[in-house]
file entry15.cif (mmCIF, C-alpha atoms and all ligand atoms)
data_input
loop_
_atom_site.label_atom_id
_atom_site.label_comp_id
_atom_site.auth_asym_id
_atom_site.auth_seq_id
_atom_site.Cartn_x
_atom_site.Cartn_y
_atom_site.Cartn_z
CA ALA A 1 107.07 36.61 83.22
CA THR A 2 109.78 38.25 85.31
CA ARG A 3 109.89 41.95 84.79
CA ASN A 4 113.56 42.66 84.40
CA LEU A 5 113.83 45.47 81.90
CA TYR A 6 114.19 49.20 82.55
CA LEU A 7 113.17 52.08 80.28
CA GLY A 8 114.94 55.44 80.09
CA MET A 9 113.95 58.36 77.90
CA ASP A 10 116.01 61.44 77.10
CA PHE A 11 114.43 64.70 75.98
CA GLY A 12 117.44 66.61 74.63
CA THR A 13 117.86 69.84 72.73
CA SER A 14 117.36 68.42 69.25
CA GLY A 15 115.25 65.29 69.76
CA ALA A 16 114.30 62.49 72.10
CA ARG A 17 115.62 58.95 72.54
CA TYR A 18 114.70 55.86 74.48
CA ALA A 19 116.78 52.94 75.76
CA VAL A 20 115.64 49.64 77.28
CA ILE A 21 118.25 47.81 79.38
CA ASP A 22 118.42 44.82 81.70
CA LYS A 23 119.95 44.55 85.18
CA GLN A 24 123.41 43.96 83.74
CA GLY A 25 123.13 47.10 81.62
CA THR A 26 122.77 45.27 78.30
CA LEU A 27 120.78 47.23 75.73
CA HIS A 28 117.63 45.47 74.49
CA ALA A 29 116.21 48.26 72.34
CA GLU A 30 116.82 51.91 71.56
CA GLY A 31 115.35 54.51 69.26
CA LYS A 32 115.12 58.17 68.38
CA ARG A 33 112.48 60.72 67.37
CA GLU A 34 112.75 64.29 66.17
CA TYR A 35 110.35 66.74 67.80
CA PRO A 36 107.36 67.13 65.44
CA GLN A 37 106.46 70.67 64.51
CA ILE A 38 103.14 71.55 66.14
CA LEU A 39 102.14 75.16 65.68
CA VAL A 40 99.66 77.28 67.61
CA THR A 41 99.11 80.76 66.20
CA ASN A 42 102.36 80.43 64.22
CA GLN A 43 104.41 79.55 67.30
CA MET A 44 105.95 76.20 68.14
CA ASP A 45 103.81 74.44 70.74
CA TRP A 46 106.66 72.70 72.57
CA ALA A 47 104.54 71.08 75.28
CA SER A 48 102.34 69.36 72.68
CA SER A 49 105.40 68.37 70.66
CA TRP A 50 107.11 66.77 73.70
CA ARG A 51 103.90 64.97 74.69
CA LYS A 52 103.51 63.65 71.15
CA THR A 53 107.16 62.55 71.11
CA LEU A 54 106.72 60.72 74.42
CA LEU A 55 103.81 58.73 72.99
CA LEU A 56 105.70 58.07 69.74
CA LEU A 57 108.69 56.70 71.65
CA LEU A 58 106.43 54.44 73.73
CA GLU A 59 104.90 53.21 70.47
CA ASP A 60 108.37 52.57 69.00
CA ILE A 61 109.35 50.16 71.81
CA PRO A 62 108.97 46.59 70.56
CA ASN A 63 105.57 45.29 71.78
CA SER A 64 107.12 42.19 73.30
CA LEU A 65 109.29 44.28 75.66
CA CYS A 66 106.66 46.56 77.27
CA PRO A 67 105.23 43.83 79.58
CA LEU A 68 108.77 43.18 80.85
CA ILE A 69 109.53 46.77 81.83
CA ALA A 70 109.67 47.14 85.63
CA SER A 71 110.34 50.88 85.81
CA ILE A 72 110.68 54.07 83.76
CA SER A 73 112.63 57.31 84.15
CA ILE A 74 113.09 60.43 82.00
CA ASP A 75 115.71 63.18 81.76
CA GLY A 76 115.12 66.63 80.27
CA THR A 77 117.10 69.73 79.44
CA SER A 78 118.15 71.64 82.53
CA ALA A 79 116.08 74.78 83.32
CA THR A 80 113.38 74.00 80.76
CA THR A 81 110.33 75.10 82.73
CA LEU A 82 106.57 74.71 82.54
CA ILE A 83 103.98 76.62 84.54
CA VAL A 84 100.93 74.37 84.66
CA ASN A 85 97.48 74.34 86.21
CA SER A 86 97.94 72.73 89.63
CA LYS A 87 94.79 70.60 89.22
CA THR A 88 94.81 69.59 85.54
CA GLY A 89 98.55 69.71 84.79
CA GLU A 90 97.87 71.57 81.56
CA PRO A 91 100.38 74.33 80.71
CA LEU A 92 99.18 77.85 81.55
CA CYS A 93 101.59 79.37 79.02
CA ARG A 94 104.18 78.17 76.54
CA PRO A 95 107.22 76.46 78.16
CA TYR A 96 110.35 78.47 78.94
CA LEU A 97 113.20 76.77 77.08
CA TYR A 98 116.53 75.86 78.72
CA ASN A 99 118.50 78.66 77.04
CA GLU A 100 115.84 81.36 77.25
CA ALA A 101 116.86 84.36 79.34
CA CYS A 102 114.37 86.23 81.53
CA LEU A 103 116.59 89.21 82.21
CA GLU A 104 113.64 91.31 83.38
CA ALA A 105 113.47 89.06 86.47
CA LEU A 106 117.19 88.96 87.23
CA GLU A 107 117.29 92.01 89.53
CA ALA A 108 114.38 90.67 91.60
CA VAL A 109 116.08 87.26 91.90
CA LYS A 110 119.42 88.82 92.84
CA SER A 111 117.70 90.83 95.56
CA VAL A 112 116.53 87.67 97.39
CA ALA A 113 119.20 85.04 96.55
CA PRO A 114 122.70 84.80 98.07
CA GLU A 115 125.47 86.36 96.01
CA ASN A 116 126.74 84.24 93.08
CA HIS A 117 124.01 81.64 93.58
CA THR A 118 123.18 79.43 90.55
CA VAL A 119 119.79 81.14 90.28
CA CYS A 120 121.50 84.49 89.56
CA SER A 121 121.58 83.91 85.83
CA GLY A 122 118.90 85.12 83.42
CA SER A 123 118.22 81.60 82.15
CA SER A 124 117.81 80.02 85.60
CA THR A 125 114.51 78.36 86.40
CA LEU A 126 113.93 80.85 89.21
CA CYS A 127 114.22 83.83 86.83
CA LYS A 128 111.61 82.11 84.64
CA LEU A 129 109.31 81.61 87.63
CA VAL A 130 109.65 85.22 88.78
CA SER A 131 109.13 86.48 85.25
CA TRP A 132 105.89 84.48 84.99
CA TRP A 133 104.75 85.54 88.47
CA ASN A 134 105.26 89.22 87.71
CA SER A 135 103.28 89.10 84.48
CA HIS A 136 100.34 86.91 85.59
CA ASP A 137 98.08 88.13 88.40
CA SER A 138 95.05 86.01 87.70
CA ASP A 139 96.30 82.37 87.59
CA ARG A 140 98.68 82.62 90.54
CA ASP A 141 96.51 80.59 92.94
CA SER A 142 96.10 77.64 90.60
CA ALA A 143 99.62 77.48 89.17
CA MET A 144 102.48 75.02 89.67
CA LEU A 145 106.03 74.89 88.37
CA LEU A 146 107.40 71.73 86.76
CA HIS A 147 110.61 71.01 84.88
CA GLN A 148 110.38 69.36 81.47
CA ALA A 149 111.28 65.89 82.85
CA ASP A 150 108.82 66.28 85.79
CA TRP A 151 105.98 67.13 83.41
CA LEU A 152 106.68 64.27 81.02
CA LEU A 153 106.93 61.84 83.95
CA TRP A 154 103.62 63.23 85.26
CA LEU A 155 102.00 62.24 81.95
CA LEU A 156 102.99 58.67 82.88
CA HIS A 157 102.23 58.56 86.64
CA GLY A 158 99.60 61.26 87.14
CA LYS A 159 100.76 62.63 90.55
CA LEU A 160 101.19 66.35 90.07
CA GLY A 161 104.05 68.24 91.70
CA VAL A 162 107.10 65.95 91.95
CA SER A 163 110.65 66.82 90.89
CA ASP A 164 114.24 65.69 91.60
CA TYR A 165 117.09 67.64 93.18
CA ASN A 166 119.14 67.77 89.96
CA ASN A 167 116.40 69.49 87.99
CA ALA A 168 115.45 71.64 91.01
CA LEU A 169 118.99 73.05 91.48
CA LYS A 170 118.41 75.98 89.13
CA VAL A 171 115.18 76.97 90.84
CA GLY A 172 117.15 77.31 94.09
CA TYR A 173 116.74 73.92 95.83
CA ASP A 174 119.54 73.23 98.31
CA PRO A 175 120.69 69.63 97.69
CA GLU A 176 122.91 69.60 100.79
CA MET A 177 120.11 70.52 103.23
CA ASP A 178 117.71 68.58 101.03
CA SER A 179 115.13 71.37 101.17
CA TYR A 180 114.26 74.70 99.63
CA PRO A 181 116.21 77.44 101.44
CA SER A 182 114.35 79.88 103.70
CA TRP A 183 115.11 82.89 101.46
CA LEU A 184 113.14 81.11 98.73
CA LEU A 185 110.32 79.74 100.91
CA SER A 186 109.59 83.25 102.19
CA GLN A 187 108.71 84.43 98.67
CA PRO A 188 105.03 84.35 97.64
CA TYR A 189 105.81 82.38 94.44
CA SER A 190 107.32 79.51 96.48
CA GLU A 191 103.77 78.11 96.59
CA LEU A 192 104.35 76.99 92.99
CA LEU A 193 107.42 74.85 93.73
CA PRO A 194 107.19 71.06 93.36
CA SER A 195 108.23 68.60 96.06
CA VAL A 196 111.69 67.15 95.52
CA LYS A 197 113.06 63.60 95.68
CA ALA A 198 116.40 62.02 94.80
CA PRO A 199 116.83 61.19 91.09
CA GLY A 200 115.69 57.62 90.45
CA ALA A 201 113.20 57.54 93.35
CA THR A 202 109.87 55.83 92.80
CA ILE A 203 106.91 58.19 92.38
CA GLY A 204 104.07 55.79 91.66
CA TYR A 205 102.64 53.15 89.37
CA ILE A 206 102.11 53.86 85.70
CA LYS A 207 98.69 55.39 84.89
CA GLU A 208 96.01 52.95 83.80
CA ASP A 209 95.33 54.54 80.38
CA ILE A 210 99.03 54.56 79.41
CA ARG A 211 99.47 51.05 80.81
CA ALA A 212 96.59 49.67 78.76
CA GLN A 213 97.54 51.55 75.59
CA PHE A 214 101.11 50.27 75.45
CA GLY A 215 100.89 46.95 77.28
CA PHE A 216 102.82 47.67 80.48
CA GLN A 217 102.10 45.65 83.63
CA LYS A 218 100.12 47.12 86.53
CA ASP A 219 103.14 47.22 88.85
CA CYS A 220 105.41 49.09 86.42
CA VAL A 221 106.71 52.08 88.40
CA VAL A 222 107.67 55.58 87.29
CA CYS A 223 110.76 57.14 88.92
CA THR A 224 112.08 60.68 89.21
CA GLY A 225 114.54 61.77 86.52
CA THR A 226 117.45 64.13 86.18
CA THR A 227 118.91 66.62 83.69
CA ASP A 228 120.23 65.55 80.28
CA SER A 229 123.88 66.24 81.05
CA ILE A 230 123.76 64.29 84.32
CA ALA A 231 122.02 61.41 82.54
CA ALA A 232 124.86 61.42 79.97
CA PHE A 233 127.36 61.24 82.84
CA LEU A 234 125.45 58.33 84.42
CA ALA A 235 125.56 56.48 81.09
CA ALA A 236 129.36 56.16 81.34
CA ARG A 237 128.87 54.23 84.63
CA ALA A 238 131.52 56.20 86.50
CA THR A 239 130.15 55.28 89.90
CA GLN A 240 133.00 55.85 92.37
CA PRO A 241 134.66 59.03 93.68
CA GLY A 242 137.66 59.88 91.50
CA LYS A 243 136.01 58.64 88.31
CA ALA A 244 135.46 61.35 85.72
CA VAL A 245 133.94 61.88 82.30
CA THR A 246 135.45 64.27 79.76
CA SER A 247 133.09 65.16 76.95
CA LEU A 248 134.98 66.16 73.81
CA GLY A 249 132.22 67.53 71.62
CA SER A 250 132.10 71.08 70.28
CA THR A 251 133.38 72.15 73.70
CA LEU A 252 135.41 70.41 76.38
CA ALA A 253 133.33 69.58 79.46
CA VAL A 254 134.60 67.70 82.49
CA LYS A 255 132.59 66.05 85.26
CA LEU A 256 134.12 64.41 88.31
CA LEU A 257 132.53 62.33 91.04
CA SER A 258 133.71 63.76 94.35
CA THR A 259 133.10 63.11 98.04
CA LYS A 260 133.30 66.86 98.66
CA ARG A 261 131.02 69.58 97.32
CA VAL A 262 132.95 72.29 95.49
CA GLU A 263 131.58 75.31 93.66
CA ASP A 264 133.17 78.40 92.23
CA ALA A 265 131.13 80.89 90.26
CA ARG A 266 134.30 82.61 88.93
CA PHE A 267 135.11 79.54 86.86
CA GLY A 268 131.56 78.40 86.28
CA VAL A 269 132.30 75.33 88.42
CA TYR A 270 129.02 73.89 89.66
CA CYS A 271 128.08 70.89 91.72
CA HIS A 272 125.17 68.48 91.57
CA ARG A 273 124.25 65.97 94.24
CA LEU A 274 124.22 62.26 93.38
CA ASP A 275 123.03 60.41 96.50
CA ASP A 276 125.93 60.68 98.99
CA MET A 277 128.39 62.06 96.41
CA TRP A 278 128.84 65.22 94.37
CA LEU A 279 129.17 65.62 90.65
CA VAL A 280 131.52 68.55 90.05
CA GLY A 281 131.62 70.01 86.58
CA GLY A 282 133.09 72.71 84.45
CA ALA A 283 133.18 73.56 80.75
CA SER A 284 135.96 75.14 78.68
CA ASN A 285 135.32 76.87 75.36
CA THR A 286 138.07 74.85 73.73
CA GLY A 287 137.18 71.56 72.02
CA GLY A 288 136.02 70.13 68.73
CA ALA A 289 134.52 73.38 67.40
CA VAL A 290 138.07 74.68 66.76
CA LEU A 291 139.11 71.41 65.08
CA LYS A 292 136.02 71.64 62.89
CA GLN A 293 136.98 75.17 61.76
CA ILE A 294 140.30 73.80 60.45
CA PHE A 295 139.82 70.12 59.50
CA THR A 296 137.08 67.86 58.19
CA ASP A 297 136.32 64.67 60.17
CA GLU A 298 138.09 62.65 57.44
CA GLN A 299 141.22 64.82 57.68
CA LEU A 300 141.14 64.50 61.47
CA GLU A 301 141.12 60.73 61.16
CA HIS A 302 143.77 60.55 58.45
CA LEU A 303 146.18 63.06 60.08
CA SER A 304 145.72 61.59 63.58
CA GLU A 305 146.86 58.17 62.36
CA GLN A 306 150.25 59.72 61.52
CA ILE A 307 150.79 61.24 64.97
CA ASN A 308 153.18 59.53 67.36
CA PRO A 309 151.27 59.99 70.63
CA SER A 310 154.20 59.03 72.88
CA GLU A 311 156.17 62.07 71.69
CA PRO A 312 155.27 65.39 73.34
CA SER A 313 154.46 68.26 70.96
CA PRO A 314 156.46 71.44 71.63
CA LEU A 315 153.62 73.61 70.27
CA ASN A 316 151.82 75.53 72.98
CA TYR A 317 148.39 76.68 71.75
CA TYR A 318 145.16 77.77 73.40
CA PRO A 319 142.56 76.78 70.79
CA LEU A 320 139.32 78.78 71.14
CA PRO A 321 136.56 79.31 68.55
CA ALA A 322 136.18 82.95 69.70
CA ILE A 323 137.61 85.40 72.26
CA GLY A 324 137.07 84.49 75.90
CA GLU A 325 137.47 81.56 78.30
CA ARG A 326 135.68 80.65 81.51
CA PHE A 327 137.23 77.43 82.78
CA PRO A 328 139.90 76.40 83.82
CA LEU A 329 141.05 80.01 83.30
CA ALA A 330 138.48 82.75 83.83
CA ASP A 331 139.34 85.45 81.29
CA PRO A 332 136.60 86.97 79.12
CA ASN A 333 139.28 88.66 76.99
CA MET A 334 141.46 85.62 76.32
CA GLN A 335 142.61 85.50 72.69
CA PRO A 336 142.66 82.21 70.76
CA ARG A 337 146.29 81.11 70.22
CA LEU A 338 147.09 78.86 67.24
CA GLN A 339 150.50 80.25 66.25
CA PRO A 340 153.05 79.35 65.00
CA ARG A 341 151.51 77.03 62.39
CA PRO A 342 154.09 74.45 61.22
CA ASN A 343 154.23 73.41 57.55
CA SER A 344 153.17 69.89 58.45
CA ASP A 345 149.45 69.45 59.15
CA VAL A 346 150.28 66.35 61.19
CA GLU A 347 152.47 68.45 63.50
CA PHE A 348 149.85 71.20 63.59
CA LEU A 349 147.08 68.79 64.62
CA HIS A 350 149.41 67.13 67.14
CA GLY A 351 150.03 70.55 68.69
CA ILE A 352 146.29 71.31 68.90
CA LEU A 353 145.37 67.91 70.39
CA GLU A 354 148.22 68.15 72.90
CA SER A 355 147.24 71.72 73.86
CA ILE A 356 143.61 70.71 74.42
CA ALA A 357 144.91 67.81 76.57
CA ARG A 358 146.90 70.34 78.65
CA ILE A 359 143.73 72.39 79.17
CA GLU A 360 141.94 69.20 80.26
CA ALA A 361 144.78 68.46 82.72
CA LYS A 362 144.51 72.01 84.06
CA ALA A 363 140.75 71.55 84.42
CA TYR A 364 141.16 68.48 86.62
CA SER A 365 143.96 70.04 88.67
CA LEU A 366 141.79 73.13 89.27
CA LEU A 367 138.96 70.93 90.55
CA LYS A 368 141.46 69.30 92.91
CA GLU A 369 142.73 72.72 94.09
CA LEU A 370 139.14 73.70 94.82
CA GLY A 371 138.86 70.64 97.06
CA ALA A 372 137.39 67.88 94.88
CA THR A 373 138.48 64.23 95.02
CA GLN A 374 141.68 63.41 93.07
CA VAL A 375 140.93 61.94 89.63
CA GLU A 376 141.75 58.25 89.17
CA GLU A 377 140.32 57.44 85.79
CA VAL A 378 138.72 59.36 82.93
CA PHE A 379 136.03 58.09 80.56
CA THR A 380 135.55 59.99 77.32
CA ALA A 381 132.39 60.84 75.40
CA GLY A 382 131.66 62.99 72.33
CA GLY A 383 133.11 63.13 68.82
CA GLY A 384 136.71 63.35 70.11
CA ALA A 385 136.36 60.01 71.96
CA ARG A 386 136.83 58.05 68.74
CA ASN A 387 140.40 59.35 68.32
CA ALA A 388 142.73 56.62 69.67
CA GLN A 389 145.89 58.74 69.29
CA TRP A 390 144.32 61.58 71.23
CA ILE A 391 143.42 59.18 74.04
CA LYS A 392 147.11 58.15 74.25
CA ILE A 393 148.25 61.80 74.19
CA ARG A 394 145.78 62.60 76.96
CA GLU A 395 146.94 59.65 79.10
CA ARG A 396 150.51 60.94 78.89
CA VAL A 397 149.56 64.56 79.63
CA LEU A 398 146.96 63.82 82.33
CA GLY A 399 148.92 61.06 84.05
CA PHE A 400 145.97 58.72 84.63
CA PRO A 401 144.12 56.10 82.60
CA VAL A 402 141.78 57.40 79.88
CA ARG A 403 139.13 55.17 78.34
CA ARG A 404 136.40 55.62 75.81
CA ALA A 405 133.02 55.33 77.54
CA VAL A 406 131.03 52.31 76.30
CA GLN A 407 127.67 54.08 76.64
CA THR A 408 127.25 57.82 76.25
CA GLU A 409 123.55 58.30 75.48
CA ALA A 410 121.58 60.17 78.14
CA ALA A 411 118.66 57.77 77.52
CA TYR A 412 120.90 54.95 78.73
CA GLY A 413 121.67 56.96 81.89
CA ALA A 414 117.95 57.52 82.45
CA ALA A 415 117.40 53.75 82.11
CA LEU A 416 120.03 53.22 84.84
CA LEU A 417 117.99 55.59 87.05
CA ALA A 418 114.90 53.48 86.36
CA LEU A 419 116.91 50.40 87.38
CA LYS A 420 117.97 52.16 90.59
CA GLY A 421 114.36 53.09 91.32
CA SER A 422 113.07 49.57 90.83
CA GLU A 423 115.64 48.23 93.29
CA GLN A 424 114.34 50.51 96.07
CA LYS A 425 110.71 49.98 95.20
CA THR A 426 108.71 51.59 98.00
CA ILE A 427 105.56 53.44 97.06
P1 LIG A 501 128.51 68.20 69.82
O1 LIG A 501 129.04 68.83 71.07
O2 LIG A 501 128.28 69.22 68.75
O3 LIG A 501 127.38 67.24 70.05
P2 LIG A 501 130.00 65.81 69.00
O4 LIG A 501 130.10 65.06 70.27
O5 LIG A 501 129.12 65.28 67.91
O6 LIG A 501 129.74 67.36 69.25
O7 LIG A 501 131.49 65.91 68.42
C1 LIG A 501 131.75 66.65 67.25
C2 LIG A 501 133.17 67.17 67.30
O8 LIG A 501 134.07 66.07 67.26
C3 LIG A 501 133.47 68.04 66.12
O9 LIG A 501 133.78 69.34 66.58
C4 LIG A 501 134.67 67.38 65.44
O10 LIG A 501 135.65 68.33 65.06
C5 LIG A 501 135.20 66.43 66.49
N1 LIG A 501 135.76 65.23 65.89
C6 LIG A 501 135.22 64.44 64.95
N2 LIG A 501 136.05 63.43 64.61
C7 LIG A 501 137.16 63.59 65.37
C8 LIG A 501 138.41 62.89 65.48
N3 LIG A 501 138.67 61.80 64.78
N4 LIG A 501 139.30 63.37 66.38
C9 LIG A 501 139.04 64.46 67.12
N5 LIG A 501 137.92 65.15 67.04
C10 LIG A 501 136.98 64.74 66.18
#
call {"tool": "encode", "arguments": {"input": "entry15.cif", "output": "structure tokens"}}
result
Amino acid sequence: ATRNLYLGMDFGTSGARYAVIDKQGTLHAEGKREYPQILVTNQMDWASSWRKTLLLLLEDIPNSLCPLIASISIDGTSATTLIVNSKTGEPLCRPYLYNEACLEALEAVKSVAPENHTVCSGSSTLCKLVSWWNSHDSDRDSAMLLHQADWLLWLLHGKLGVSDYNNALKVGYDPEMDSYPSWLLSQPYSELLPSVKAPGATIGYIKEDIRAQFGFQKDCVVCTGTTDSIAAFLAARATQPGKAVTSLGSTLAVKLLSTKRVEDARFGVYCHRLDDMWLVGGASNTGGAVLKQIFTDEQLEHLSEQINPSEPSPLNYYPLPAIGERFPLADPNMQPRLQPRPNSDVEFLHGILESIARIEAKAYSLLKELGATQVEEVFTAGGGARNAQWIKIRERVLGFPVRRAVQTEAAYGAALLALKGSEQKTI
């Protein structure tokens, strides 16, 4: 049989998903698993739970499809870090989760890294590494750092010590030079760092035991992954410079494909490499969380239907769920503004949706001011994407076409990476 299917798996914050696609991007199967609770001395054993989930997802894939899968990739949450034994791959301690802060290591990291570098945040992978290094004298010689996606992929291919430059950004990897910087390599703990490839690069063939257990073919390859938010961007298939994805979930996050690298720590604007392009992103605190405080999903739908999207709303709000904004305005003391409230809820909602659209427009114009490629088209993901009136309001305010993304699952994006890897098959 021709092997023409590609498997992506997403290990997100609340659970894991898989997607099987073909070359055209058509979905052949997808599924979801919650992380099972596995306790060790009353603490969640995340590594065992992820491993179990990986095997459960592989089991969930229809048996008839596994022999047709040519390649596999996995994304994980950014900065979720494992320190493992460099020979056996078994974790030497419990994983450091994506949002966990290792503030005790921050001063040491700041003393070696350039000012305002991504690693200068308590939850960065490098702070986690330094924290581990400073509290473990004995295992240092036999330790290795892996990101969540790297470790899960290792369970499939068995070659220890491979990562991708999206996951490795927060440990200090320089995606422009395509190497670890010298300030990092001169540290004793740099011995623990994995080697780095592009996302969606082939690592090796699937391990024999996994292959036999689930019915994959011998030449099924395993490819490097990426982070969950990049995988979600990839899912929208915005593949040219000027294409962007706005995620309207609890917050408003924008990501734009750019030919130029732009970063600005003041606004929390960061930049990931995607082959010969850059994925520029920023996140505002405005978004669906404010809508949720005021309206139910049913009310949102019902009221939105009564809005005339071609008419501008005169109401000028700055909807925030709490004090403080980072992007596109950096002001930790910014007050939420939702006054005056008109008698009509339709007008009120119109004003909020229009104001969030203005913040989105400001977000894209700030990215342009910082040097990124001009936006041409915006795809939308998240709960707000289902609102047709809002899409029309946003088109008018932004001044470029806005479309709902067809695919938004990170697992679908990971499957696209697997497809990419199979096309450049060189092991
Ligand atoms: P999360 O970031 O929590 O994953 P989701 O992508 O699930 O968020 O989106 C949920 C948000 O979408 C909620 O905050 C909700 O207020 C908003 N939402 C739901 N329905 C609509 C709608 N019809 N129009 C605009 N926003 C909506």
call {"tool": "atom_distance", "arguments": {"input": "entry15.cif", "atom1": "CA of Tyr35 (chain A)", "atom2": "CA of Gly282 (chain A)"}}
result
28.8 Å
call {"tool": "closest_residue", "arguments": {"input": "entry15.cif", "among": "A:Arg394, A:Arg140, A:Arg337, A:Arg94", "to": "Asp45 (chain A)", "atoms": "only C-alpha atoms"}}
result
A:Arg94
call {"tool": "residues_near_ligand", "arguments": {"input": "entry15.cif", "ligand": "ligand LIG 501 (chain A)", "cutoff": "7 Å", "atoms": "all atoms listed in the file", "output": "list in words"}}
result
Leu248, Gly249, Ser250, Thr251, Gly287, Gly288, Ala289, Val290, Leu291, Lys292, Asp297, Leu300, Glu301, Gly382, Gly383, Gly384, Arg386 and Asn387 of chain A
call {"tool": "closest_residue", "arguments": {"input": "entry15.cif", "among": "A:Ser247, A:Asn85, A:Asn316, A:Asn343", "to": "Glu409 (chain A)", "atoms": "all atoms listed in the file"}}
result
A:Ser247
call {"tool": "residues_around", "arguments": {"input": "entry15.cif", "residues": "region 229-233 of chain A", "least_positions_apart": "6", "cutoff": "7 Å", "atoms": "only C-alpha atoms", "output": "number ranges by chain"}}
result
A: 75, 245, 408-410, 413-414
call {"tool": "closest_residue", "arguments": {"input": "entry15.cif", "among": "A:Gly351, A:Gly281, A:Gly215, A:Pro36", "to": "Pro67 (chain A)", "atoms": "all atoms listed in the file"}}
result
A:Gly215
call {"tool": "closest_residue", "arguments": {"input": "entry15.cif", "among": "A:Leu338, A:Ile210, A:Arg266, A:Pro95", "to": "Gln43 (chain A)", "atoms": "all atoms listed in the file"}}
result
A:Pro95
call {"tool": "residues_around", "arguments": {"input": "entry15.cif", "residues": "Tyr180 (chain A)", "least_positions_apart": "3", "cutoff": "10 Å", "atoms": "only C-alpha atoms", "output": "ChimeraX atom specification"}}
result
/A:165,168-169,171-175,177,183-185,190,193,195-196
call {"tool": "build_atoms", "arguments": {"input": "entry15.cif", "residues": "region 195-200 of chain A", "atoms": "all heavy atoms", "output": "PDB file, in the coordinates of the input"}}
result
ATOM      1  N   SER A 195     107.472  69.327  95.043  1.00  0.00           N
ATOM      2  CA  SER A 195     108.230  68.600  96.060  1.00  0.00           C
ATOM      3  C   SER A 195     109.392  67.899  95.357  1.00  0.00           C
ATOM      4  O   SER A 195     109.347  67.651  94.153  1.00  0.00           O
ATOM      5  CB  SER A 195     107.342  67.603  96.790  1.00  0.00           C
ATOM      6  OG  SER A 195     107.010  66.555  95.920  1.00  0.00           O
ATOM      7  N   VAL A 196     110.440  67.609  96.127  1.00  0.00           N
ATOM      8  CA  VAL A 196     111.690  67.150  95.520  1.00  0.00           C
ATOM      9  C   VAL A 196     112.142  65.829  96.126  1.00  0.00           C
ATOM     10  O   VAL A 196     112.145  65.664  97.339  1.00  0.00           O
ATOM     11  CB  VAL A 196     112.790  68.228  95.700  1.00  0.00           C
ATOM     12  CG1 VAL A 196     114.132  67.728  95.182  1.00  0.00           C
ATOM     13  CG2 VAL A 196     112.392  69.512  94.980  1.00  0.00           C
ATOM     14  N   LYS A 197     112.511  64.886  95.255  1.00  0.00           N
ATOM     15  CA  LYS A 197     113.060  63.600  95.680  1.00  0.00           C
ATOM     16  C   LYS A 197     114.443  63.418  95.063  1.00  0.00           C
ATOM     17  O   LYS A 197     114.848  64.211  94.214  1.00  0.00           O
ATOM     18  CB  LYS A 197     112.167  62.455  95.191  1.00  0.00           C
ATOM     19  CG  LYS A 197     110.766  62.444  95.771  1.00  0.00           C
ATOM     20  CD  LYS A 197     110.012  61.234  95.219  1.00  0.00           C
ATOM     21  CE  LYS A 197     108.686  61.058  95.929  1.00  0.00           C
ATOM     22  NZ  LYS A 197     108.422  59.680  96.312  1.00  0.00           N
ATOM     23  N   ALA A 198     115.139  62.362  95.461  1.00  0.00           N
ATOM     24  CA  ALA A 198     116.400  62.020  94.800  1.00  0.00           C
ATOM     25  C   ALA A 198     116.105  61.566  93.378  1.00  0.00           C
ATOM     26  O   ALA A 198     115.020  61.042  93.109  1.00  0.00           O
ATOM     27  CB  ALA A 198     117.118  60.923  95.569  1.00  0.00           C
ATOM     28  N   PRO A 199     117.026  61.746  92.444  1.00  0.00           N
ATOM     29  CA  PRO A 199     116.830  61.190  91.090  1.00  0.00           C
ATOM     30  C   PRO A 199     116.736  59.666  91.189  1.00  0.00           C
ATOM     31  O   PRO A 199     117.448  59.049  91.978  1.00  0.00           O
ATOM     32  CB  PRO A 199     118.107  61.586  90.345  1.00  0.00           C
ATOM     33  CG  PRO A 199     118.690  62.708  91.146  1.00  0.00           C
ATOM     34  CD  PRO A 199     118.300  62.473  92.566  1.00  0.00           C
ATOM     35  N   GLY A 200     115.846  59.076  90.403  1.00  0.00           N
ATOM     36  CA  GLY A 200     115.690  57.620  90.450  1.00  0.00           C
ATOM     37  C   GLY A 200     114.955  57.139  91.681  1.00  0.00           C
ATOM     38  O   GLY A 200     115.188  56.030  92.157  1.00  0.00           O
TER      39      GLY A 200
END
